[in-house]
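In what follows, a structure is listed as structure tokens, so that the remarks can point back to it.
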Amino acid sequence: MGRHLIIAAVITVILLAVIVSLHQEERYNLKLEELKQQYAIRPMSSIDHSKLEALKRDFETPQEVTEACNACHTERYKEIMGSSHWNWERTAYIEGRGLAFVGKKNVINNFCIGAGTNEQACAMCHIGFGMSNDRFDFNNASNVDCMVCHDNSEEYLKGSAMAGYPDRSVSLQNVARSVGSPRKSNCGSCHFYSGGGNNVKHGDLEESLLACDKEVDVHMAANGMDMSCVSCHTAEKHVMKGRLYSVSSDNINRAYCEDCHTARPHRDARLDDHNRRVACQTCHIPYYAKVNATKMAWRWSEAGKLREGEPYQEMNKEGEATYLSTKGSFVWKKNVVPEYVWFNGTADHYLMGDTIEIIPVPINSLNGSYDDKQSKIIPVKIHRGDQIYDRQTKILIQPKLFAFHKGDSAYWQDFDWNLAAMAGMQRVGLWYSGNYGFVETEMSWPVNHMVSPKEQSVTCEECHTRAEGRLAGLTDFYLPGRDRNEGLDLIEKILLYLSIAGAMAHGVFRIAVSRRWRNSGRKH
Amino acid sequence: MKIMKRIYIYKRFERFWHWSQAFLIIFLAVTGFEVHGSYEIFGFEKAVNFHRTAAYLLLGLTAFAIFWHFTTEGWRHYIPTTRKLTAQIRFYMSGMFKGEEHPFNRTELSKLNPAQRLVYLGLKLILIPMVVISGLLYMFYGELGATFWIVGGISLRSIANWHTFGAYLMLSFLVVHVYMTTTGATPSANLRAMLTGYEEVEEHATKEESVI
């Protein structure tokens with residue numbers, strides 16, 4: 001009786017242990033609540049610019065507005081004039097190159113290629129007035145555009161192909177009196193539309209973020225925390241926190257999820273441990289371009305087809321241009337699954353004049369590997385395309401694309417690659433052989449935004465699987481559930497089968513002989 | 001005529017240890033091979049968590065078992081001997097089919113035959129430590145690898161390979177072990193002994209066997 005009781009007790013304890021270990025109630029995350037509370041309190045501005053006497057006047061030119069700003073904020077322009085937003089370049093140490101000046105001035109991308117000779121159009125996204133060519137005066141404080149970042153009236157707008165000047169429709173008076181901390185729309189006016197349209201370049205930064213739900217972005221959701229860009233990309237003396245590796249090269253002043261969430265936010269040690277080698281974004285951004293499509297490919301080689309001597313465009317059902325005579329053909333995609341790479345926070349770039357060594361040409365290359373302990377797996381958008389290069393010198397060509405009129409060597413007017421290449425290369429100071437072709441290019445864009453609600457995070461099985469998982473392309477390390485030593489597995493399996501077969505043969509033989517004994521009446 | 005005697009061969013703790021260990025090892029195999037990618041039952045995340053929980057339980061159980069072996073001097077059952085070893089192997093290979101007597105008769109003081117002694121000792125000193133050590137390294141590879149360069153120097157791939165190798169050996173052992181339970185006086189005698197603790201042995205045996 002007593003023994004039965006003990007057995008019953010033991011079984012009960014085991015059952016309880018099993019139930020307890022199977023049952024996992026979600027633990028309350030106080031830290032997250034505190035973060036939410038912290039970001040729910042919006043800072044109150046200590047000043048209302050509409051009440052300032054100095055701004056109650058008419059402004060003839062945007063420079064006058066800047067001068068009015070500088071009259072009170074007497075030293076701020078110096079900070080701006082030291083920033084990459086202004087200089088379009090930054091000094092960086094790049095392994096293998098040494099000190100390099102890298103930025104929009106001299107990098108190339110595989111969208112509109114480069115700003116050289118095209119400043120009149122490209123400077124629409126420069127925080128200055130009047131960058132129409134390469135002779136812009138970077139020391140003139142009056143040309144700093146304070147309004148593009150600080151306008152809170154939503155009225156300010158840079159003019160198309162106006163070298164960074166505001167559109168003629170803008171009331172400078174209104175804008176000057178309603179300045180404040182940058183809003184999503186301020187940052188977005190450039191960062192959403194880069195590459196010539198909404199979401200063209202990034203894939204994870206676009207106008208839907210101005211009013212989206214949590215499925216699109218948990219941080220910026222209108223029905224969520226409604227955070228703005230500068231909530232995370234904080235600025236100290238106008239130096240924005242955060243790095244984008246289409247132009248950045250070094251591992252400093254980056255904005256990390258961990259800055260708020262810490263490196264161990266899961267309340268599950270196993271998940272937390274992933275952070276050692278896996279960036280938060282890898283699991284928490286299962287898709288990007290969730291609302292509007294992004295350009296995944298751009299083939300310049302197909303540009304220049306004309307109908308009856310006139311350029312034309314073709315659209316798909318969604319209204320996205322799939323062909324433009326001026327630019328070539330495009331591939332657009334929505335809800336894109338990122339590709340994954342190792343990244344240690346440093347990058348190299350194709351700089352004007354570099355000889356092509358690898359095809360597809362890496363327009364930027366993110367450094368990292370499993371063996372480099374500083375590297376983590378990050379999600380990237382890889383934009384693929386082709387663009388013009390010099391067959392003889394094996395360097396990429398900066399073509400002149402933009403001009404107001406025909407006959408100015410601009411490709412978008414004259415559709416003559418040779419002239420465009422000549423004009424562009426002459427301006428950037430590189431020799432052009434006259435023999436051009438098109439070469440495949442690739443550009444990597446780390447995906448950092450459009451974080452999904454935690455319920456929609458990438459699941460374990462999406463990577464830890466023998467099937468084509470999300471990490472199928474990263475083969476320089478052992479991933480449990482995906483990898484195994486197939487030779488060893490086979491030998492071990494054979495060993496196991498031999499044991500089974502041996503036991504079965506032995507057993508069958510035993511049964512057979514015992515039956516024979518029984519039949520022959522032998523005792524046993 | 002044989003005189004049968006009922007002896008108490010497996011103490012309560014031994015039976016508890018045996019069966020909970022059996023359950024845990026089978027459960028570890030089921031979840032472990034799911035983590036290995038062989039099939040899908042619980043889903044990867046649950047399989048990992050179950051595997052880890054079961055591993056901790058087995059480690060705890062093993063700690064108790066080691067303690068038990070030392071306090072009861074039970075470890076003496078595993079002292080290897082070559083005496084009657086060939087006879088025992090010959091019995092399994094051929095004697096059994098000819099209806100010969102078991103060359104070894106178990107007693108309370110010597111529960112394991114020479115072949116069992118060797119196999120179980122190998123299990124306890126080589127195979128289980130190999131699986132446990134590789135398992136712990138696997139489980140804490142991130143932390144250990146970052147702290148101790150000597151662990152960081154071992155690739156996760158080789159740790160996983162050793163662990164998997166151990167798992168296959170354990171499975172093979174399990175198959176043979178289960179089959180061997182049927183080779184007692186009657187096919188169910190050994191199983192019944194492990195359940196009840198009692199086994200019927202021939203009376204004369206106790207006199208013949210020397211005490212180790």
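Ligands are numbered from 1 in the order shown, chains are lettered A, B, ... in the order of the structure tokens, and residues start at 1 in each chain.
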
Pick out the chain B residues within 9 Å of chain A. Count only C-alpha atoms. Give them as a ChimeraX atom specification.
/B:16,33-38,43-46,49-50,53,92-93,96-99,142-143,146,155-157,160-161,164-165,168-169,171-173,175-176,179-180,182

Write the residues you've just listed into a file as a short mmCIF file (atom, residue, chain, number, x, y, z; two decimals), in the first residue's frame, and include N, CA and C atoms for each of them.
```
data_model
loop_
_atom_site.label_atom_id
_atom_site.label_comp_id
_atom_site.auth_asym_id
_atom_site.auth_seq_id
_atom_site.Cartn_x
_atom_site.Cartn_y
_atom_site.Cartn_z
N PHE B 16 13.89 3.42 -9.71
CA PHE B 16 13.47 4.79 -10.02
C PHE B 16 14.48 5.44 -10.98
N PHE B 33 16.90 14.63 -31.92
CA PHE B 33 16.93 14.42 -33.36
C PHE B 33 16.03 15.41 -34.10
N GLU B 34 15.07 16.00 -33.36
CA GLU B 34 14.31 17.07 -34.01
C GLU B 34 15.20 18.31 -34.16
N VAL B 35 15.98 18.61 -33.11
CA VAL B 35 16.92 19.74 -33.22
C VAL B 35 17.93 19.47 -34.33
N HIS B 36 18.28 18.20 -34.48
CA HIS B 36 19.22 17.80 -35.53
C HIS B 36 18.61 17.99 -36.92
N GLY B 37 17.29 18.11 -36.97
CA GLY B 37 16.64 18.34 -38.25
C GLY B 37 16.11 17.07 -38.90
N SER B 38 16.09 15.97 -38.12
CA SER B 38 15.69 14.69 -38.72
C SER B 38 14.19 14.62 -39.02
N GLY B 43 8.19 21.19 -33.13
CA GLY B 43 8.65 22.48 -33.66
C GLY B 43 10.00 22.76 -33.03
N PHE B 44 10.85 23.44 -33.77
CA PHE B 44 12.24 23.60 -33.35
C PHE B 44 12.38 24.24 -31.98
N GLU B 45 11.63 25.32 -31.76
CA GLU B 45 11.79 26.07 -30.51
C GLU B 45 11.45 25.21 -29.31
N LYS B 46 10.28 24.52 -29.37
CA LYS B 46 9.86 23.67 -28.26
C LYS B 46 10.84 22.51 -28.09
N ASN B 49 13.80 23.70 -26.22
CA ASN B 49 13.52 23.95 -24.79
C ASN B 49 13.30 22.65 -24.03
N PHE B 50 12.56 21.71 -24.63
CA PHE B 50 12.32 20.42 -23.98
C PHE B 50 13.64 19.68 -23.79
N THR B 53 15.48 21.19 -20.91
CA THR B 53 14.89 20.85 -19.61
C THR B 53 15.20 19.40 -19.25
N TYR B 92 26.19 -15.83 -25.56
CA TYR B 92 25.31 -14.98 -26.40
C TYR B 92 25.40 -15.38 -27.86
N MET B 93 26.61 -15.77 -28.28
CA MET B 93 26.82 -16.05 -29.70
C MET B 93 26.28 -17.42 -30.10
N MET B 96 23.38 -19.94 -26.24
CA MET B 96 21.97 -19.66 -26.05
C MET B 96 21.09 -20.48 -27.00
N PHE B 97 21.62 -20.65 -28.23
CA PHE B 97 20.82 -21.35 -29.23
C PHE B 97 20.82 -22.86 -29.00
N LYS B 98 21.81 -23.31 -28.22
CA LYS B 98 21.89 -24.75 -27.97
C LYS B 98 21.20 -25.11 -26.67
N GLY B 99 20.65 -24.10 -26.02
CA GLY B 99 19.95 -24.36 -24.77
C GLY B 99 20.87 -24.57 -23.60
N GLY B 142 27.97 29.91 -26.81
CA GLY B 142 28.12 31.36 -26.95
C GLY B 142 28.90 31.95 -25.80
N GLU B 143 28.43 31.70 -24.58
CA GLU B 143 29.07 32.29 -23.40
C GLU B 143 30.49 31.74 -23.22
N ALA B 146 32.98 32.85 -25.80
CA ALA B 146 33.40 34.24 -25.67
C ALA B 146 34.35 34.41 -24.48
N SER B 155 35.10 24.36 -33.02
CA SER B 155 33.97 24.83 -33.80
C SER B 155 32.70 24.19 -33.30
N LEU B 156 31.62 24.93 -33.40
CA LEU B 156 30.32 24.41 -33.00
C LEU B 156 29.99 23.16 -33.81
N ARG B 157 30.48 23.18 -35.05
CA ARG B 157 30.25 22.04 -35.94
C ARG B 157 30.81 20.76 -35.32
N ALA B 160 28.84 19.70 -32.24
CA ALA B 160 27.56 19.11 -32.63
C ALA B 160 27.77 17.71 -33.19
N ASN B 161 28.85 17.53 -33.95
CA ASN B 161 29.12 16.20 -34.52
C ASN B 161 29.38 15.17 -33.43
N THR B 164 26.08 14.40 -31.68
CA THR B 164 25.23 13.55 -32.52
C THR B 164 25.76 12.12 -32.56
N PHE B 165 27.08 12.00 -32.67
CA PHE B 165 27.72 10.68 -32.67
C PHE B 165 27.35 9.94 -31.38
N TYR B 168 23.72 8.74 -31.48
CA TYR B 168 23.52 7.52 -32.28
C TYR B 168 24.01 6.29 -31.51
N LEU B 169 25.17 6.44 -30.83
CA LEU B 169 25.67 5.31 -30.05
C LEU B 169 24.69 4.95 -28.94
N LEU B 171 21.50 5.41 -28.98
CA LEU B 171 20.35 4.74 -29.60
C LEU B 171 20.67 3.28 -29.89
N SER B 172 21.87 3.05 -30.43
CA SER B 172 22.27 1.68 -30.72
C SER B 172 22.30 0.87 -29.43
N PHE B 173 22.86 1.49 -28.37
CA PHE B 173 22.89 0.82 -27.08
C PHE B 173 21.48 0.47 -26.63
N VAL B 175 18.77 -0.03 -28.34
CA VAL B 175 18.19 -1.13 -29.10
C VAL B 175 18.69 -2.47 -28.57
N VAL B 176 20.02 -2.57 -28.47
CA VAL B 176 20.61 -3.83 -28.02
C VAL B 176 20.20 -4.13 -26.57
N TYR B 179 16.72 -5.38 -26.31
CA TYR B 179 16.65 -6.76 -26.79
C TYR B 179 17.25 -7.72 -25.77
N MET B 180 18.37 -7.31 -25.18
CA MET B 180 19.06 -8.20 -24.25
C MET B 180 18.24 -8.50 -23.00
N THR B 182 15.50 -9.59 -22.93
CA THR B 182 14.70 -10.80 -23.17
C THR B 182 15.54 -12.07 -23.05
#
```

Give me, as JSON lines, the closest atom pair and its distance (Å, one decimal) for every residue of range 289-368 of chain A within a cut-off of 12 Å of range 414-419 of chain A, counting only C-alpha atoms, rows sorted by chain and rising number.
```
{"residue": "A:Trp300", "atom": "CA", "partner": "A:Trp417", "partner_atom": "CA", "distance": 10.5}
{"residue": "A:Ser301", "atom": "CA", "partner": "A:Trp417", "partner_atom": "CA", "distance": 10.0}
{"residue": "A:Glu302", "atom": "CA", "partner": "A:Phe415", "partner_atom": "CA", "distance": 11.5}
{"residue": "A:Ala303", "atom": "CA", "partner": "A:Phe415", "partner_atom": "CA", "distance": 8.3}
{"residue": "A:Gly304", "atom": "CA", "partner": "A:Phe415", "partner_atom": "CA", "distance": 5.7}
{"residue": "A:Lys305", "atom": "CA", "partner": "A:Phe415", "partner_atom": "CA", "distance": 8.7}
{"residue": "A:Leu306", "atom": "CA", "partner": "A:Phe415", "partner_atom": "CA", "distance": 9.1}
{"residue": "A:Gly309", "atom": "CA", "partner": "A:Phe415", "partner_atom": "CA", "distance": 10.3}
{"residue": "A:Glu310", "atom": "CA", "partner": "A:Phe415", "partner_atom": "CA", "distance": 10.2}
{"residue": "A:Pro311", "atom": "CA", "partner": "A:Phe415", "partner_atom": "CA", "distance": 9.0}
{"residue": "A:Leu324", "atom": "CA", "partner": "A:Phe415", "partner_atom": "CA", "distance": 11.8}
{"residue": "A:Ser325", "atom": "CA", "partner": "A:Phe415", "partner_atom": "CA", "distance": 8.4}
{"residue": "A:Thr326", "atom": "CA", "partner": "A:Phe415", "partner_atom": "CA", "distance": 7.4}
{"residue": "A:Lys327", "atom": "CA", "partner": "A:Phe415", "partner_atom": "CA", "distance": 10.0}
{"residue": "A:Gly328", "atom": "CA", "partner": "A:Phe415", "partner_atom": "CA", "distance": 11.3}
```

Go ahead and save the residues from that selection, with N, CA and C atoms, as a tab-separated table (two decimals), in the first residue's frame.
```tsv
chain	number	residue	atom	x	y	z
A	300	TRP	N	20.17	50.03	-66.46
A	300	TRP	CA	20.43	51.21	-67.27
A	300	TRP	C	20.67	50.82	-68.73
A	301	SER	N	21.13	49.59	-68.94
A	301	SER	CA	21.49	49.19	-70.31
A	301	SER	C	20.30	49.23	-71.26
A	302	GLU	N	19.10	49.21	-70.68
A	302	GLU	CA	17.92	49.19	-71.56
A	302	GLU	C	17.36	50.58	-71.82
A	303	ALA	N	17.98	51.59	-71.23
A	303	ALA	CA	17.50	52.96	-71.44
A	303	ALA	C	17.71	53.38	-72.89
A	304	GLY	N	16.98	54.40	-73.28
A	304	GLY	CA	17.24	55.01	-74.58
A	304	GLY	C	16.35	54.58	-75.71
A	305	LYS	N	15.44	53.61	-75.43
A	305	LYS	CA	14.50	53.24	-76.50
A	305	LYS	C	13.50	54.39	-76.68
A	306	LEU	N	13.24	54.75	-77.92
A	306	LEU	CA	12.34	55.86	-78.18
A	306	LEU	C	11.19	55.40	-79.06
A	309	GLY	N	10.83	58.81	-81.96
A	309	GLY	CA	11.81	59.82	-81.56
A	309	GLY	C	11.56	60.44	-80.20
A	310	GLU	N	10.53	59.94	-79.50
A	310	GLU	CA	10.21	60.52	-78.19
A	310	GLU	C	10.40	59.49	-77.08
A	311	PRO	N	10.88	59.92	-75.92
A	311	PRO	CA	10.96	59.01	-74.78
A	311	PRO	C	9.57	58.62	-74.28
A	324	LEU	N	11.42	53.34	-68.32
A	324	LEU	CA	11.52	54.75	-68.68
A	324	LEU	C	12.64	54.86	-69.70
A	325	SER	N	12.39	55.53	-70.78
A	325	SER	CA	13.45	55.72	-71.79
A	325	SER	C	14.66	56.39	-71.17
A	326	THR	N	14.42	57.27	-70.21
A	326	THR	CA	15.51	58.01	-69.60
A	326	THR	C	16.37	57.14	-68.68
A	327	LYS	N	15.75	56.14	-68.04
A	327	LYS	CA	16.46	55.43	-66.98
A	327	LYS	C	16.64	53.93	-67.20
A	328	GLY	N	15.85	53.34	-68.07
A	328	GLY	CA	15.96	51.90	-68.28
A	328	GLY	C	14.79	51.16	-67.65
```

When DSSP works through the backbone of this structure, what residues of range 111-161 of chain B end up as helix (DSSP H, G or I), shown as a PyMOL selection string?
chain B and resi 114-139+141-147+149-152+156-161

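We find CA of Val132 in chain B and CA of Thr475 in chain A to be spaced 27.3 Å apart.
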
Name all residues at most 9 Å from Arg117 in chain B (count only C-alpha atoms; drop same-chain ones fewer than 3 positions away) and give them as a list of chain:residue names.
B:His77, B:Tyr78, B:Ile79, B:Pro80, B:Thr81, B:Leu112, B:Asn113, B:Pro114, B:Tyr120, B:Leu121, B:Gly122

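Across the structure, CA of Ile356 in chain A and CA of Lys394 in chain A are spaced 5.5 Å apart.
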
Extract, using only C-alpha atoms, all DNA, RNA and protein residues at most 9 Å from Cys146 in chain A, discarding same-chain residues fewer than 5 positions from it, and format them as a PyMOL selection string.
chain A and resi 65-66+69+77+127-128+151+179

Please identify all polymer residues within 10 Å of His284 in chain A, counting only C-alpha atoms, omitting same-chain residues fewer than 2 positions from it, and present them as JSON, numbers by chain.
{"A": [279, 280, 281, 282, 286, 287, 379, 448, 449, 450, 451, 452, 453, 454, 455, 456, 457, 458, 459]}

Take the residues from that selection and write them out as an mmCIF file, in the first residue's frame, keeping N, CA and C atoms.
```cif
data_model
loop_
_atom_site.group_PDB
_atom_site.id
_atom_site.type_symbol
_atom_site.label_atom_id
_atom_site.label_comp_id
_atom_site.auth_asym_id
_atom_site.auth_seq_id
_atom_site.Cartn_x
_atom_site.Cartn_y
_atom_site.Cartn_z
ATOM 1 N N ALA A 279 21.668 40.218 -35.317
ATOM 2 C CA ALA A 279 21.116 41.537 -35.010
ATOM 3 C C ALA A 279 19.611 41.424 -34.781
ATOM 4 N N CYS A 280 19.067 42.313 -33.966
ATOM 5 C CA CYS A 280 17.637 42.297 -33.647
ATOM 6 C C CYS A 280 16.792 42.301 -34.926
ATOM 7 N N GLN A 281 17.256 43.137 -35.893
ATOM 8 C CA GLN A 281 16.474 43.333 -37.119
ATOM 9 C C GLN A 281 16.251 42.017 -37.871
ATOM 10 N N THR A 282 17.185 41.104 -37.746
ATOM 11 C CA THR A 282 17.124 39.854 -38.510
ATOM 12 C C THR A 282 15.832 39.096 -38.238
ATOM 13 N N PRO A 286 10.622 40.735 -40.588
ATOM 14 C CA PRO A 286 10.480 39.587 -41.487
ATOM 15 C C PRO A 286 10.318 39.999 -42.955
ATOM 16 N N TYR A 287 9.725 41.166 -43.179
ATOM 17 C CA TYR A 287 9.528 41.673 -44.539
ATOM 18 C C TYR A 287 9.757 43.165 -44.542
ATOM 19 N N PRO A 379 19.706 41.803 -41.826
ATOM 20 C CA PRO A 379 18.924 41.722 -43.058
ATOM 21 C C PRO A 379 19.317 42.863 -44.001
ATOM 22 N N ASN A 448 16.583 48.337 -41.495
ATOM 23 C CA ASN A 448 16.514 48.637 -40.063
ATOM 24 C C ASN A 448 15.141 49.067 -39.587
ATOM 25 N N HIS A 449 14.278 49.412 -40.529
ATOM 26 C CA HIS A 449 12.970 49.933 -40.139
ATOM 27 C C HIS A 449 11.884 48.927 -40.518
ATOM 28 N N MET A 450 10.639 49.310 -40.261
ATOM 29 C CA MET A 450 9.505 48.402 -40.474
ATOM 30 C C MET A 450 9.621 47.184 -39.567
ATOM 31 N N VAL A 451 9.913 47.435 -38.302
ATOM 32 C CA VAL A 451 9.951 46.375 -37.299
ATOM 33 C C VAL A 451 8.525 45.888 -37.042
ATOM 34 N N SER A 452 8.338 44.590 -37.114
ATOM 35 C CA SER A 452 6.999 44.008 -36.957
ATOM 36 C C SER A 452 6.677 43.783 -35.486
ATOM 37 N N PRO A 453 5.379 43.657 -35.153
ATOM 38 C CA PRO A 453 5.020 43.267 -33.784
ATOM 39 C C PRO A 453 5.675 41.925 -33.458
ATOM 40 N N LYS A 454 5.962 41.702 -32.181
ATOM 41 C CA LYS A 454 6.761 40.530 -31.831
ATOM 42 C C LYS A 454 6.115 39.216 -32.250
ATOM 43 N N GLU A 455 4.782 39.211 -32.303
ATOM 44 C CA GLU A 455 4.085 37.977 -32.711
ATOM 45 C C GLU A 455 4.437 37.595 -34.147
ATOM 46 N N GLN A 456 4.857 38.589 -34.932
ATOM 47 C CA GLN A 456 5.134 38.306 -36.342
ATOM 48 C C GLN A 456 6.621 38.138 -36.630
ATOM 49 N N SER A 457 7.412 38.033 -35.564
ATOM 50 C CA SER A 457 8.852 37.864 -35.769
ATOM 51 C C SER A 457 9.126 36.582 -36.548
ATOM 52 N N VAL A 458 10.293 36.551 -37.133
ATOM 53 C CA VAL A 458 10.733 35.343 -37.825
ATOM 54 C C VAL A 458 10.764 34.201 -36.803
ATOM 55 N N THR A 459 10.203 33.045 -37.169
ATOM 56 C CA THR A 459 10.178 31.927 -36.232
ATOM 57 C C THR A 459 11.477 31.123 -36.345
#
```

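Our summary of the geometry notes that CA of His126 in chain A is positioned 18.0 Å from CA of Glu67 in chain A.
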
Pick out the closest residue to Ala255 in chain A from this set: A:Lys184, A:His233, A:His238, A:Lys56. Count only C-alpha atoms.
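That would be A:His233, the residue with the smallest distance to Ala255 in chain A.
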
As a PyMOL selection string, which residues of range 204-366 of chain A does DSSP assign to strand (DSSP E or B)?
chain A and resi 235-236+239-240+278+288+294-299+307+310+313-315+321-324+328-333+336+339-343+347-349+351+355+361-362+364-366

Taking N, CA and C atoms for each residue, export the selection above as a short mmCIF file (atom, residue, chain, number, x, y, z; two decimals), in the first residue's frame.
```
data_model
loop_
_atom_site.label_atom_id
_atom_site.label_comp_id
_atom_site.auth_asym_id
_atom_site.auth_seq_id
_atom_site.Cartn_x
_atom_site.Cartn_y
_atom_site.Cartn_z
N ALA A 235 20.15 63.66 -31.91
CA ALA A 235 21.26 64.47 -32.43
C ALA A 235 21.90 65.25 -31.30
N GLU A 236 23.20 65.18 -31.27
CA GLU A 236 23.96 66.00 -30.34
C GLU A 236 24.74 66.98 -31.20
N VAL A 239 24.77 66.39 -34.93
CA VAL A 239 25.34 65.15 -35.46
C VAL A 239 24.31 64.06 -35.20
N MET A 240 23.70 63.58 -36.27
CA MET A 240 22.64 62.60 -36.13
C MET A 240 23.23 61.24 -35.78
N VAL A 278 23.44 37.61 -33.92
CA VAL A 278 22.32 37.94 -34.80
C VAL A 278 21.77 39.30 -34.38
N TYR A 288 10.15 43.68 -45.69
CA TYR A 288 10.16 45.14 -45.84
C TYR A 288 9.35 45.51 -47.07
N THR A 294 9.24 48.55 -53.57
CA THR A 294 10.55 49.19 -53.68
C THR A 294 11.24 48.65 -54.92
N LYS A 295 12.20 49.42 -55.43
CA LYS A 295 12.91 48.96 -56.62
C LYS A 295 13.95 47.93 -56.23
N MET A 296 13.89 46.75 -56.84
CA MET A 296 14.84 45.69 -56.56
C MET A 296 15.90 45.59 -57.66
N ALA A 297 15.57 46.11 -58.82
CA ALA A 297 16.53 46.03 -59.93
C ALA A 297 16.32 47.22 -60.86
N TRP A 298 17.41 47.62 -61.44
CA TRP A 298 17.40 48.80 -62.32
C TRP A 298 18.45 48.55 -63.39
N ARG A 299 17.97 48.40 -64.63
CA ARG A 299 18.91 48.12 -65.72
C ARG A 299 19.03 49.33 -66.63
N ARG A 307 10.04 56.06 -78.92
CA ARG A 307 8.91 55.80 -79.81
C ARG A 307 8.68 57.06 -80.63
N GLU A 310 10.53 59.94 -79.50
CA GLU A 310 10.21 60.52 -78.19
C GLU A 310 10.40 59.49 -77.08
N GLN A 313 7.23 55.89 -71.26
CA GLN A 313 7.31 55.07 -70.04
C GLN A 313 6.27 53.97 -70.07
N GLU A 314 6.58 52.88 -69.35
CA GLU A 314 5.62 51.79 -69.23
C GLU A 314 5.35 51.58 -67.75
N MET A 315 4.07 51.30 -67.44
CA MET A 315 3.69 51.10 -66.04
C MET A 315 3.14 49.70 -65.85
N ALA A 321 6.36 52.56 -62.51
CA ALA A 321 7.01 52.59 -63.82
C ALA A 321 7.96 51.41 -63.94
N THR A 322 7.76 50.60 -64.96
CA THR A 322 8.66 49.47 -65.16
C THR A 322 9.67 49.77 -66.27
N TYR A 323 9.38 50.81 -67.05
CA TYR A 323 10.35 51.22 -68.06
C TYR A 323 10.27 52.72 -68.28
N LEU A 324 11.42 53.34 -68.32
CA LEU A 324 11.52 54.75 -68.68
C LEU A 324 12.64 54.86 -69.70
N GLY A 328 15.85 53.34 -68.07
CA GLY A 328 15.96 51.90 -68.28
C GLY A 328 14.79 51.16 -67.65
N SER A 329 15.01 49.87 -67.37
CA SER A 329 13.89 49.08 -66.85
C SER A 329 14.07 48.81 -65.36
N PHE A 330 12.95 48.63 -64.68
CA PHE A 330 12.96 48.43 -63.23
C PHE A 330 12.17 47.19 -62.84
N VAL A 331 12.57 46.60 -61.72
CA VAL A 331 11.75 45.57 -61.09
C VAL A 331 11.33 46.09 -59.72
N TRP A 332 10.03 46.06 -59.45
CA TRP A 332 9.50 46.52 -58.16
C TRP A 332 9.03 45.31 -57.37
N LYS A 333 9.21 45.37 -56.05
CA LYS A 333 8.67 44.28 -55.23
C LYS A 333 8.11 44.81 -53.93
N VAL A 336 8.94 42.20 -49.29
CA VAL A 336 10.14 41.47 -49.70
C VAL A 336 10.79 40.81 -48.48
N GLU A 339 17.52 39.61 -47.71
CA GLU A 339 18.64 38.68 -47.77
C GLU A 339 19.47 38.92 -46.52
N TYR A 340 20.35 37.98 -46.18
CA TYR A 340 21.07 38.11 -44.92
C TYR A 340 22.58 38.04 -45.13
N VAL A 341 23.29 38.91 -44.44
CA VAL A 341 24.76 38.93 -44.55
C VAL A 341 25.36 39.13 -43.17
N TRP A 342 26.65 38.77 -43.05
CA TRP A 342 27.40 39.11 -41.84
C TRP A 342 27.85 40.55 -41.96
N PHE A 343 27.79 41.28 -40.85
CA PHE A 343 28.17 42.68 -40.91
C PHE A 343 28.80 43.10 -39.59
N ALA A 347 32.22 49.31 -43.77
CA ALA A 347 31.88 49.06 -45.17
C ALA A 347 32.88 49.75 -46.06
N ASP A 348 32.98 49.23 -47.26
CA ASP A 348 33.79 49.91 -48.27
C ASP A 348 32.84 50.30 -49.41
N HIS A 349 33.33 51.16 -50.25
CA HIS A 349 32.48 51.66 -51.33
C HIS A 349 33.26 51.66 -52.63
N LEU A 351 34.54 53.87 -55.09
CA LEU A 351 34.76 55.31 -55.18
C LEU A 351 35.17 55.65 -56.61
N THR A 355 39.18 50.72 -60.07
CA THR A 355 39.12 49.73 -61.15
C THR A 355 38.18 48.60 -60.75
N VAL A 361 29.73 44.33 -59.81
CA VAL A 361 30.52 45.31 -59.06
C VAL A 361 29.82 45.63 -57.74
N PRO A 362 30.51 45.40 -56.61
CA PRO A 362 29.88 45.80 -55.35
C PRO A 362 29.97 47.32 -55.19
N ASN A 364 28.68 49.03 -52.82
CA ASN A 364 29.21 49.13 -51.46
C ASN A 364 29.38 47.70 -50.98
N SER A 365 30.33 47.48 -50.10
CA SER A 365 30.48 46.11 -49.58
C SER A 365 30.48 46.15 -48.06
N LEU A 366 29.57 45.40 -47.48
CA LEU A 366 29.46 45.32 -46.03
C LEU A 366 30.45 44.27 -45.55
#
```
